[in-house]
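Enquirer: Before anything else, here's the structure in question.
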Amino acid sequence: MKKLMLLLLLVPLAFATWQTVAAMAIITSAALLAGVYILGFGLGINELQILAKEELFQLIALMVMMVALWGGDGILNGISVSPEFAGESATMQDASLEILDAWTADVEATLNEMKSMDKAISVEASRGGQCSLFGMGYSVTACGGYSMLAAPLSMAGSISGFAMAEVAAMRRLVEITIDYGLSFILPLGIILRTFKMTRGAGGFLIALAVSMHIMLPAGIIFNSMLAETFLADSVASADYPSSPQGVTIMECEPLNTRGSIGDSIVTAFASLGTNIDTDSNEGKAAQAYKDMRGSIRSYLYVLLIEATIGPIIALLLMIGSLRALSVAAGTDVDVSAISRFV
Amino acid sequence: MADMICGAGFDSFLTGTIVPLVAYATIITATLIAISFMLGRFLSNPKLTLWSKTEIVQLLVSVATVIFIPVVVNTFCTLDMGEVGDIFGISGTSGSVYASAKEFLLGAAVYAHNAATVARYQLEGYTVVSYFNAMICEIQVGGGVGLGCLFGQGSDTIQPLGGYGAVMGALNVAFNSSLMSYFTAMNFLMILLFVYRGFVFLFLPLGVFLRSMPYMRPFGSLMFAVAMSFLIVYPLMLGIFGLMSGVILDPPLDVGDYDESVFPESEQGAEILGSSFGGEDYVFDLYLGGKDDVPGAMAFAATAFIAGIFFPTLALLATIASVTYVARLYGDEIDLSRLTQLV
């Protein structure tokens, strides 16, 4: 019976907008405060009266916040659709999604380039030759020198994986804020902030909504602007092209043992950077290593500036904003746990 | 498990265990306060009488808290998150706050597990194909047939699909990250079940008693604050995130395409011959055909991180913030921020 009555009380909520619900929450809270004050007054308990007064201030602050939200909703949307941030997109959130899609495509291209290099290297490294007749013969594997190139590529693949995951995570957060930021998380935060018990959670949700909706896309757009500025400077970006450069891997001759034994090993590595004897397998592997070393910079732009620093800047902006706005909303949340995600 | 806190079992647990314990704690505390008051009067010690008067008010506050919590719990059991979603134009699944919270974490755990499945499948596929060896006979006359093997063996061997170290490095990141997300989601689920099992209710009688004991008020307040925050704020936050499941738990790949085994269900002569003479493309398609989607696996792992770690952590942060807030309500300053280091 008790639950049925409660359910009947909650039925109107199903037909209300969030503003109505927030107003009802404020009225309920005010009624509770009046009760607390009356109780304090009647029993002569000063603590209760002080508590009621303090909460009344919080209620007034909340009403100010609601008014600010009604006005601020337009301001936030105004920032979102501002051409400075949104560019040719409808909103800054859409613009950030487009940037993230472009970054994803770049990282994928980078990984594909590594993949093809890795494949070429591994095929050469696995080569072996054999010759036998009537059970007698020999087997030579003279391409082991190429194996040294697999480890850095594996590490590069891991870095690409992290980069790809970071961009995908950012994309998901922006998708969430587009669908729920201002329409759900923010008003719900205001409603929850009405009650003492859920004030911490409410203030946190308000801060989260604004931070995710504005600061996260802003961070992505800022980083994109920085990256474009860097690329526009032809002198600074000359050594850091925006697209990865592949490396030609010379074919290994599995039966060619020249350069794999004797003094020529020393010769091959000592001359790294000058003249390499590419007639030997060792020299070919060393040449591939030299070329790969030279092409590292062409991967840095995509992997570091776009896909690593970009998300870090965006997350830091969001977390910094979350902390500041939480305090402004009356909740001191220790967001250091989220900072560790960066 | 949500039934535990919302069903008949909870009522009997509350009335059969918690209420008697709270009653005992209240009576013992009231008795101690009364003795202290009488002693204060008898000894004409105003400190004791003042302490007694203060503590009787605090005892009333404690009892009011104990009455308040089951009321809120019952409200949360009745509140339908689907209807809450309707207010904001979000189509969410029906269920109480507690059921929605549990569903969200279960969904996040399953989501992270699916992400791990996708990464594992591809890791296995790439590992299998990378170990294939090809023997290329010398003196090729076309069609892959070499005369070098006719009377003896004159050939080169290679691993035509051996070079997936970079891809496997990336997939290992996805796999490890997905497993971490899975374990974290399960960890948060365990905390929730710990709450649903009603253990935090045992904090209430302890809180009633300890709050009125000298020097123990902050500890008693902490008991109340933890009980209230983890019974109210933690499930509520998770239930709210559950309403956003449509986006949070939207998979970038169809996990149905990735079964547990990369090997063909039955290997007949055709597969063996094909693997031997069909070339590297045939072998690659046999084990990974159409399912090699490294960017998809990475995206899945990343979104699993958001679902399994990021949002549940936000719920825990809000809960810890609430503990601080509620403790302040009782006049104590408690800093539980170090708890977040558990995350």
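Starting from 1 in every chain, residues are counted up; chains themselves are A, B, ... following the order of the structure tokens, and ligands are numbered from 1 as listed.
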Show me which bits of chain A are within 6 Å of chain B, counting only C-alpha atoms, as a list in words.

Expert: Ala14, Ala16, Thr17, Asp118, Lys119, Ser122, Val123, Ser126, Arg127, Gly128, Gly129, Gln130, Cys131, Ser132, Leu133, Leu153, Ser154, Gly157, Ser158, Gly161, Ala165, Ala168, Ala169, Gly200, Ala201, Val333, Asp334 and Ala337 of chain A

Enquirer: Save out the residues we just selected, C-alpha atoms, as a short mmCIF file (atom, residue, chain, number, x, y, z; two decimals), in the first residue's frame.

Expert:
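The result, written out as result38.cif:
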data_model
loop_
_atom_site.label_atom_id
_atom_site.label_comp_id
_atom_site.auth_asym_id
_atom_site.auth_seq_id
_atom_site.Cartn_x
_atom_site.Cartn_y
_atom_site.Cartn_z
CA ALA A 14 6.65 10.78 -15.87
CA ALA A 16 6.99 16.46 -16.45
CA THR A 17 9.92 18.22 -18.04
CA ASP A 118 56.79 -5.51 -40.45
CA LYS A 119 55.55 -8.09 -42.91
CA SER A 122 59.58 -10.80 -41.13
CA VAL A 123 59.39 -12.51 -44.48
CA SER A 126 62.42 -16.04 -41.95
CA ARG A 127 64.15 -16.96 -45.17
CA GLY A 128 66.23 -20.10 -45.18
CA GLY A 129 67.76 -22.11 -47.98
CA GLN A 130 68.40 -25.79 -48.26
CA CYS A 131 69.76 -28.22 -50.75
CA SER A 132 69.88 -31.97 -50.46
CA LEU A 133 70.25 -34.92 -52.74
CA LEU A 153 58.22 -2.53 -34.72
CA SER A 154 56.34 -4.47 -32.08
CA GLY A 157 52.65 -1.21 -32.82
CA SER A 158 51.88 -1.02 -29.10
CA GLY A 161 47.49 0.78 -30.30
CA ALA A 165 42.53 3.63 -28.26
CA ALA A 168 38.49 6.14 -29.82
CA ALA A 169 37.92 6.83 -26.12
CA GLY A 200 27.81 16.10 -3.67
CA ALA A 201 26.64 13.92 -6.53
CA VAL A 333 35.73 16.08 -5.56
CA ASP A 334 39.21 14.64 -5.67
CA ALA A 337 41.91 9.29 -9.77
#

Enquirer: Which residues come within 9 Å of Pro311 in chain A, counting only C-alpha atoms, excluding same-chain residues fewer than 5 positions away, as a PDB file with all heavy atoms, in the first residue's frame?

Expert:
ATOM      1  N   ALA A 163      47.589   4.887 -29.053  1.00  0.00           N
ATOM      2  CA  ALA A 163      47.129   6.115 -29.712  1.00  0.00           C
ATOM      3  C   ALA A 163      45.722   5.929 -30.278  1.00  0.00           C
ATOM      4  O   ALA A 163      44.841   6.781 -30.095  1.00  0.00           O
ATOM      5  CB  ALA A 163      48.105   6.498 -30.820  1.00  0.00           C
ATOM      6  N   GLU A 166      43.210   5.818 -27.483  1.00  0.00           N
ATOM      7  CA  GLU A 166      42.965   7.139 -26.882  1.00  0.00           C
ATOM      8  C   GLU A 166      41.982   7.941 -27.720  1.00  0.00           C
ATOM      9  O   GLU A 166      41.045   8.548 -27.202  1.00  0.00           O
ATOM     10  CB  GLU A 166      44.280   7.911 -26.754  1.00  0.00           C
ATOM     11  CG  GLU A 166      45.110   7.497 -25.563  1.00  0.00           C
ATOM     12  CD  GLU A 166      46.353   8.353 -25.423  1.00  0.00           C
ATOM     13  OE1 GLU A 166      46.212   9.565 -25.315  1.00  0.00           O
ATOM     14  OE2 GLU A 166      47.461   7.794 -25.439  1.00  0.00           O
ATOM     15  N   VAL A 167      42.206   7.933 -29.030  1.00  0.00           N
ATOM     16  CA  VAL A 167      41.317   8.702 -29.916  1.00  0.00           C
ATOM     17  C   VAL A 167      39.904   8.116 -29.872  1.00  0.00           C
ATOM     18  O   VAL A 167      38.907   8.855 -29.816  1.00  0.00           O
ATOM     19  CB  VAL A 167      41.878   8.714 -31.356  1.00  0.00           C
ATOM     20  CG1 VAL A 167      40.930   9.437 -32.292  1.00  0.00           C
ATOM     21  CG2 VAL A 167      43.237   9.383 -31.392  1.00  0.00           C
ATOM     22  N   ALA A 169      38.532   6.507 -27.409  1.00  0.00           N
ATOM     23  CA  ALA A 169      37.919   6.832 -26.115  1.00  0.00           C
ATOM     24  C   ALA A 169      37.399   8.272 -26.101  1.00  0.00           C
ATOM     25  O   ALA A 169      36.295   8.550 -25.611  1.00  0.00           O
ATOM     26  CB  ALA A 169      38.932   6.621 -24.996  1.00  0.00           C
ATOM     27  N   MET A 170      38.206   9.176 -26.677  1.00  0.00           N
ATOM     28  CA  MET A 170      37.762  10.577 -26.767  1.00  0.00           C
ATOM     29  C   MET A 170      36.471  10.669 -27.577  1.00  0.00           C
ATOM     30  O   MET A 170      35.546  11.396 -27.247  1.00  0.00           O
ATOM     31  CB  MET A 170      38.828  11.437 -27.448  1.00  0.00           C
ATOM     32  CG  MET A 170      40.068  11.687 -26.661  1.00  0.00           C
ATOM     33  SD  MET A 170      39.746  12.591 -25.150  1.00  0.00           S
ATOM     34  CE  MET A 170      40.031  11.313 -23.971  1.00  0.00           C
ATOM     35  N   LEU A 216      36.052  19.360 -23.207  1.00  0.00           N
ATOM     36  CA  LEU A 216      36.602  18.203 -23.942  1.00  0.00           C
ATOM     37  C   LEU A 216      36.709  18.491 -25.445  1.00  0.00           C
ATOM     38  O   LEU A 216      37.799  18.364 -26.034  1.00  0.00           O
ATOM     39  CB  LEU A 216      35.743  16.964 -23.663  1.00  0.00           C
ATOM     40  CG  LEU A 216      36.263  15.649 -24.222  1.00  0.00           C
ATOM     41  CD1 LEU A 216      37.542  15.232 -23.509  1.00  0.00           C
ATOM     42  CD2 LEU A 216      35.230  14.544 -24.065  1.00  0.00           C
ATOM     43  N   GLY A 219      39.374  21.166 -26.054  1.00  0.00           N
ATOM     44  CA  GLY A 219      40.742  20.650 -26.004  1.00  0.00           C
ATOM     45  C   GLY A 219      41.140  20.000 -27.321  1.00  0.00           C
ATOM     46  O   GLY A 219      42.260  20.187 -27.808  1.00  0.00           O
ATOM     47  N   ILE A 220      40.216  19.250 -27.887  1.00  0.00           N
ATOM     48  CA  ILE A 220      40.498  18.572 -29.161  1.00  0.00           C
ATOM     49  C   ILE A 220      40.702  19.604 -30.271  1.00  0.00           C
ATOM     50  O   ILE A 220      41.638  19.510 -31.072  1.00  0.00           O
ATOM     51  CB  ILE A 220      39.342  17.609 -29.503  1.00  0.00           C
ATOM     52  CG1 ILE A 220      39.320  16.457 -28.491  1.00  0.00           C
ATOM     53  CG2 ILE A 220      39.481  17.058 -30.925  1.00  0.00           C
ATOM     54  CD1 ILE A 220      38.028  15.690 -28.455  1.00  0.00           C
ATOM     55  N   ASN A 223      44.007  21.540 -29.856  1.00  0.00           N
ATOM     56  CA  ASN A 223      45.158  20.746 -30.281  1.00  0.00           C
ATOM     57  C   ASN A 223      45.246  20.668 -31.800  1.00  0.00           C
ATOM     58  O   ASN A 223      46.336  20.724 -32.375  1.00  0.00           O
ATOM     59  CB  ASN A 223      45.069  19.342 -29.696  1.00  0.00           C
ATOM     60  CG  ASN A 223      46.355  18.588 -29.903  1.00  0.00           C
ATOM     61  OD1 ASN A 223      47.371  18.961 -29.356  1.00  0.00           O
ATOM     62  ND2 ASN A 223      46.320  17.570 -30.735  1.00  0.00           N
ATOM     63  N   GLU A 306      49.053  14.298 -32.715  1.00  0.00           N
ATOM     64  CA  GLU A 306      47.609  14.114 -32.942  1.00  0.00           C
ATOM     65  C   GLU A 306      46.982  13.174 -31.914  1.00  0.00           C
ATOM     66  O   GLU A 306      46.025  13.526 -31.237  1.00  0.00           O
ATOM     67  CB  GLU A 306      47.369  13.554 -34.349  1.00  0.00           C
ATOM     68  CG  GLU A 306      47.435  14.612 -35.433  1.00  0.00           C
ATOM     69  CD  GLU A 306      46.979  14.078 -36.786  1.00  0.00           C
ATOM     70  OE1 GLU A 306      46.769  12.869 -36.930  1.00  0.00           O
ATOM     71  OE2 GLU A 306      46.843  14.905 -37.703  1.00  0.00           O
ATOM     72  N   LEU A 316      43.015  16.763 -19.863  1.00  0.00           N
ATOM     73  CA  LEU A 316      43.484  17.644 -18.798  1.00  0.00           C
ATOM     74  C   LEU A 316      42.578  18.859 -18.649  1.00  0.00           C
ATOM     75  O   LEU A 316      42.256  19.279 -17.538  1.00  0.00           O
ATOM     76  CB  LEU A 316      44.932  18.090 -19.065  1.00  0.00           C
ATOM     77  CG  LEU A 316      46.010  17.035 -18.799  1.00  0.00           C
ATOM     78  CD1 LEU A 316      47.384  17.579 -19.142  1.00  0.00           C
ATOM     79  CD2 LEU A 316      45.983  16.588 -17.336  1.00  0.00           C
ATOM     80  N   VAL A 342      45.220   9.629 -17.510  1.00  0.00           N
ATOM     81  CA  VAL A 342      45.920  10.303 -18.611  1.00  0.00           C
ATOM     82  C   VAL A 342      47.281   9.658 -18.820  1.00  0.00           C
ATOM     83  O   VAL A 342      48.019   9.488 -17.901  1.00  0.00           O
ATOM     84  CB  VAL A 342      46.099  11.804 -18.289  1.00  0.00           C
ATOM     85  CG1 VAL A 342      46.863  12.490 -19.397  1.00  0.00           C
ATOM     86  CG2 VAL A 342      44.748  12.460 -18.115  1.00  0.00           C
TER      87      VAL A 342
END

Enquirer: Determine which residues of range 22-228 of chain B DSSP labels as helix (DSSP H, G or I) from the backbone of this structure, then write them out as number ranges by chain.

Expert: B: 22-43, 46-78, 81-87, 97-130, 147-149, 165-196, 199-211, 217-228

Enquirer: Considering only C-alpha atoms, state which residue in the set A:Ala328, A:Leu304, A:Val174, A:Cys252 is at the smallest distance from Ala95 in chain A.

Expert: A:Val174

Enquirer: Using DSSP on the backbone coordinates, identify all residues within range 155-301 of chain B classified as strand (DSSP E); present the result as a CSV table (one decimal) with all heavy atoms, in the first residue's frame.

Expert:
chain,number,residue,atom,x,y,z
B,155,SER,N,65.5,-25.7,-52.1
B,155,SER,CA,64.4,-24.8,-51.9
B,155,SER,C,64.8,-23.7,-50.9
B,155,SER,O,65.7,-23.8,-50.1
B,155,SER,CB,63.2,-25.6,-51.3
B,155,SER,OG,63.6,-26.2,-50.1
B,156,ASP,N,63.9,-22.7,-50.8
B,156,ASP,CA,64.0,-21.6,-49.8
B,156,ASP,C,62.8,-21.8,-48.9
B,156,ASP,O,61.7,-22.3,-49.4
B,156,ASP,CB,63.9,-20.2,-50.4
B,156,ASP,CG,65.2,-19.9,-51.1
B,156,ASP,OD1,66.2,-20.6,-51.0
B,156,ASP,OD2,65.2,-18.8,-51.7
B,157,THR,N,62.9,-21.5,-47.6
B,157,THR,CA,61.7,-21.5,-46.7
B,157,THR,C,61.5,-20.1,-46.2
B,157,THR,O,62.5,-19.4,-45.9
B,157,THR,CB,61.9,-22.5,-45.5
B,157,THR,OG1,63.1,-22.1,-44.8
B,157,THR,CG2,62.0,-23.9,-46.0
B,158,ILE,N,60.3,-19.7,-46.1
B,158,ILE,CA,59.9,-18.4,-45.6
B,158,ILE,C,58.7,-18.5,-44.7
B,158,ILE,O,57.9,-19.6,-44.8
B,158,ILE,CB,59.7,-17.3,-46.6
B,158,ILE,CG1,58.6,-17.7,-47.6
B,158,ILE,CG2,61.0,-17.0,-47.4
B,158,ILE,CD1,58.1,-16.6,-48.5
